[in-house]
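Peer 1: Structure provided below as structure tokens; questions to follow.
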Amino acid sequence: MTTPSPAQTVQRLFPLPAEGKSAQAAALFADSVSFSIPHPPGLPWVPEVDSPDGMRTFFELLGTHVRTKEFELRQVIAEGDDVVHATVRDGRITRYHLYEDTYAVAQAYFGD
């Protein structure tokens with residue numbers, strides 16, 4: 001069996017949490033994970049994470065607190081092991097860093 005490319009691995013990941021498949025999403029992560037999402041204090045879906053079990057918790061919390069209205073993966077940009085916001089080695093995600101407008105996220109969650 002051929003190991004999927006880093007881009008293919010990330011493409012497999014993104015729809016899974018939106019479909020409520022936290023365990024399948026977590027299975028794509030390596031035993032040791034570098035996880036980072038800059039966020040304001042008090043967001044309940046951003047735990048400390050360093051393992052696939054932590055990623056599963058993150059995806060479950062995200063599903064509890066954030067309602068997906070629509071999801072469309074339009075483009076994946078990759079070079080070698082690096083895919084935008086992630087690193088994949090031997091078919092498993094070792095780094096997952098998201099960058100978002102945390103102010104807008106906090107406003108949406110906590111209200112104005």
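Numbering starts fresh at 1 for the residues of each chain in the structure tokens, the chains themselves are lettered A, B, ... in the order given, and ligands are numbered from 1 as they appear.
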Please, which residues of region 4-64 of chain A, numbered as in this document, come out helix (DSSP H, G or I) from DSSP, as JSON, numbers by chain?

Peer 2: {"A": [6, 7, 8, 9, 10, 11, 12, 13, 15, 16, 17, 18, 22, 23, 24, 25, 26, 52, 53, 54, 55, 56, 57, 58, 59, 60, 61, 62, 63, 64]}

Peer 1: Taking 6 positions as the minimum chain separation for residues in the same chain, which residues sit within 9 Å of Ile77 (chain A) when counting only C-alpha atoms? Answer as a PyMOL selection string.

Peer 2: chain A and resi 7+83-84

Peer 1: For Ser36 (chain A), please output as a list in words all residues within 7 Å (counting only C-alpha atoms; exclusion window: fewer than 5 positions along the same chain).

Peer 2: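 That gives Tyr96, His97 and Leu98 of chain A.
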
Peer 1: Counting only C-alpha atoms, which of A:Ala18, A:Ala25, A:Leu73, A:Ala108 gets nearest to Asp53 (chain A)?

Peer 2: A:Ala25

Peer 1: From the list A:Ile37, A:Ala104, A:Leu28, A:Leu61, which residue is nearest Gln11 (chain A) when using only C-alpha atoms?

Peer 2: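 Using only C-alpha atoms, the shortest distance to Gln11 (chain A) belongs to A:Leu28.
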
Peer 1: Report as a PyMOL selection string: the residues of region 30-95 of chain A with a DSSP assignment of strand (DSSP E or B), based on the backbone of this structure.

Peer 2: chain A and resi 30-36+78-79+82-83+86-89+92-95

Peer 1: For the residues in that selection, give me N, CA, C and O atoms as a CSV table (one decimal), in the first residue's frame.

Peer 2:
chain,number,residue,atom,x,y,z
A,30,ALA,N,0.3,11.9,14.0
A,30,ALA,CA,1.4,11.1,14.5
A,30,ALA,C,1.3,11.0,16.0
A,30,ALA,O,0.5,11.7,16.7
A,31,ASP,N,2.1,10.2,16.6
A,31,ASP,CA,2.1,10.0,18.1
A,31,ASP,C,2.4,11.2,18.8
A,31,ASP,O,2.0,11.4,20.0
A,32,SER,N,3.2,12.1,18.2
A,32,SER,CA,3.6,13.4,18.8
A,32,SER,C,3.1,14.5,17.9
A,32,SER,O,3.5,14.5,16.7
A,33,VAL,N,2.3,15.5,18.3
A,33,VAL,CA,1.8,16.5,17.5
A,33,VAL,C,2.1,17.9,18.0
A,33,VAL,O,2.0,18.1,19.2
A,34,SER,N,2.6,18.8,17.1
A,34,SER,CA,2.7,20.2,17.5
A,34,SER,C,1.4,20.9,17.0
A,34,SER,O,1.1,20.9,15.9
A,35,PHE,N,0.7,21.3,18.0
A,35,PHE,CA,-0.7,21.9,17.8
A,35,PHE,C,-0.7,23.3,18.3
A,35,PHE,O,-0.2,23.6,19.4
A,36,SER,N,-1.2,24.2,17.4
A,36,SER,CA,-1.3,25.6,17.8
A,36,SER,C,-2.4,26.3,17.1
A,36,SER,O,-2.6,26.2,15.9
A,78,ALA,N,0.9,22.7,-1.1
A,78,ALA,CA,1.9,21.8,-0.5
A,78,ALA,C,3.2,21.9,-1.2
A,78,ALA,O,3.3,22.2,-2.4
A,79,GLU,N,4.3,21.8,-0.4
A,79,GLU,CA,5.6,21.6,-0.9
A,79,GLU,C,6.3,20.7,0.0
A,79,GLU,O,6.5,20.9,1.2
A,82,ASP,N,5.4,19.8,3.8
A,82,ASP,CA,4.6,20.9,4.4
A,82,ASP,C,3.4,21.2,3.5
A,82,ASP,O,3.5,21.4,2.3
A,83,VAL,N,2.3,21.3,4.2
A,83,VAL,CA,1.0,21.7,3.6
A,83,VAL,C,0.6,22.9,4.4
A,83,VAL,O,0.8,22.9,5.6
A,86,ALA,N,0.2,22.7,8.1
A,86,ALA,CA,0.5,21.4,8.6
A,86,ALA,C,1.8,20.8,8.0
A,86,ALA,O,2.2,21.3,7.0
A,87,THR,N,2.3,19.9,8.8
A,87,THR,CA,3.4,19.1,8.3
A,87,THR,C,3.0,17.6,8.4
A,87,THR,O,2.5,17.2,9.4
A,88,VAL,N,3.3,16.9,7.3
A,88,VAL,CA,3.0,15.5,7.3
A,88,VAL,C,4.2,14.7,7.0
A,88,VAL,O,5.0,15.0,6.1
A,89,ARG,N,4.5,13.6,7.8
A,89,ARG,CA,5.6,12.8,7.6
A,89,ARG,C,5.1,11.3,7.6
A,89,ARG,O,4.4,10.9,8.6
A,92,ARG,N,1.4,10.7,8.3
A,92,ARG,CA,0.7,11.2,9.5
A,92,ARG,C,1.1,12.6,9.8
A,92,ARG,O,2.2,13.1,9.6
A,93,ILE,N,0.1,13.4,10.3
A,93,ILE,CA,0.3,14.8,10.6
A,93,ILE,C,1.1,15.0,11.8
A,93,ILE,O,0.7,14.5,12.9
A,94,THR,N,2.2,15.7,11.7
A,94,THR,CA,3.0,16.0,12.9
A,94,THR,C,2.9,17.4,13.4
A,94,THR,O,3.2,17.7,14.6
A,95,ARG,N,2.4,18.3,12.6
A,95,ARG,CA,2.3,19.7,13.0
A,95,ARG,C,0.9,20.2,12.4
A,95,ARG,O,0.6,20.0,11.2

Peer 1: Need to verify the contact set: Lys69 (chain A), 12 Å, only C-alpha atoms, exclusion of same-chain residues closer than 3 positions in sequence. Can you return it as a VMD selection string?

Peer 2: chain A and resid 18 to 19 63 66 72

Peer 1: Restricted to N, CA and C atoms, what would the selected residues look like written as a PDB file, in the first residue's frame?

Peer 2:
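That gives us selection.pdb:
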ATOM      1  N   ALA A  18     -16.096  17.976  10.353  1.00  0.00           N
ATOM      2  CA  ALA A  18     -17.393  18.546   9.981  1.00  0.00           C
ATOM      3  C   ALA A  18     -18.463  17.455   9.875  1.00  0.00           C
ATOM      4  N   GLU A  19     -18.019  16.220   9.588  1.00  0.00           N
ATOM      5  CA  GLU A  19     -18.944  15.083   9.497  1.00  0.00           C
ATOM      6  C   GLU A  19     -19.103  14.363  10.836  1.00  0.00           C
ATOM      7  N   GLY A  63     -16.768  20.350  17.619  1.00  0.00           N
ATOM      8  CA  GLY A  63     -18.101  19.947  17.167  1.00  0.00           C
ATOM      9  C   GLY A  63     -19.203  20.301  18.147  1.00  0.00           C
ATOM     10  N   VAL A  66     -19.059  24.634  17.995  1.00  0.00           N
ATOM     11  CA  VAL A  66     -19.090  25.355  16.717  1.00  0.00           C
ATOM     12  C   VAL A  66     -19.965  24.572  15.740  1.00  0.00           C
ATOM     13  N   GLU A  72     -16.143  23.761   2.390  1.00  0.00           N
ATOM     14  CA  GLU A  72     -15.671  23.501   1.035  1.00  0.00           C
ATOM     15  C   GLU A  72     -14.165  23.712   1.011  1.00  0.00           C
TER      16      GLU A  72
END
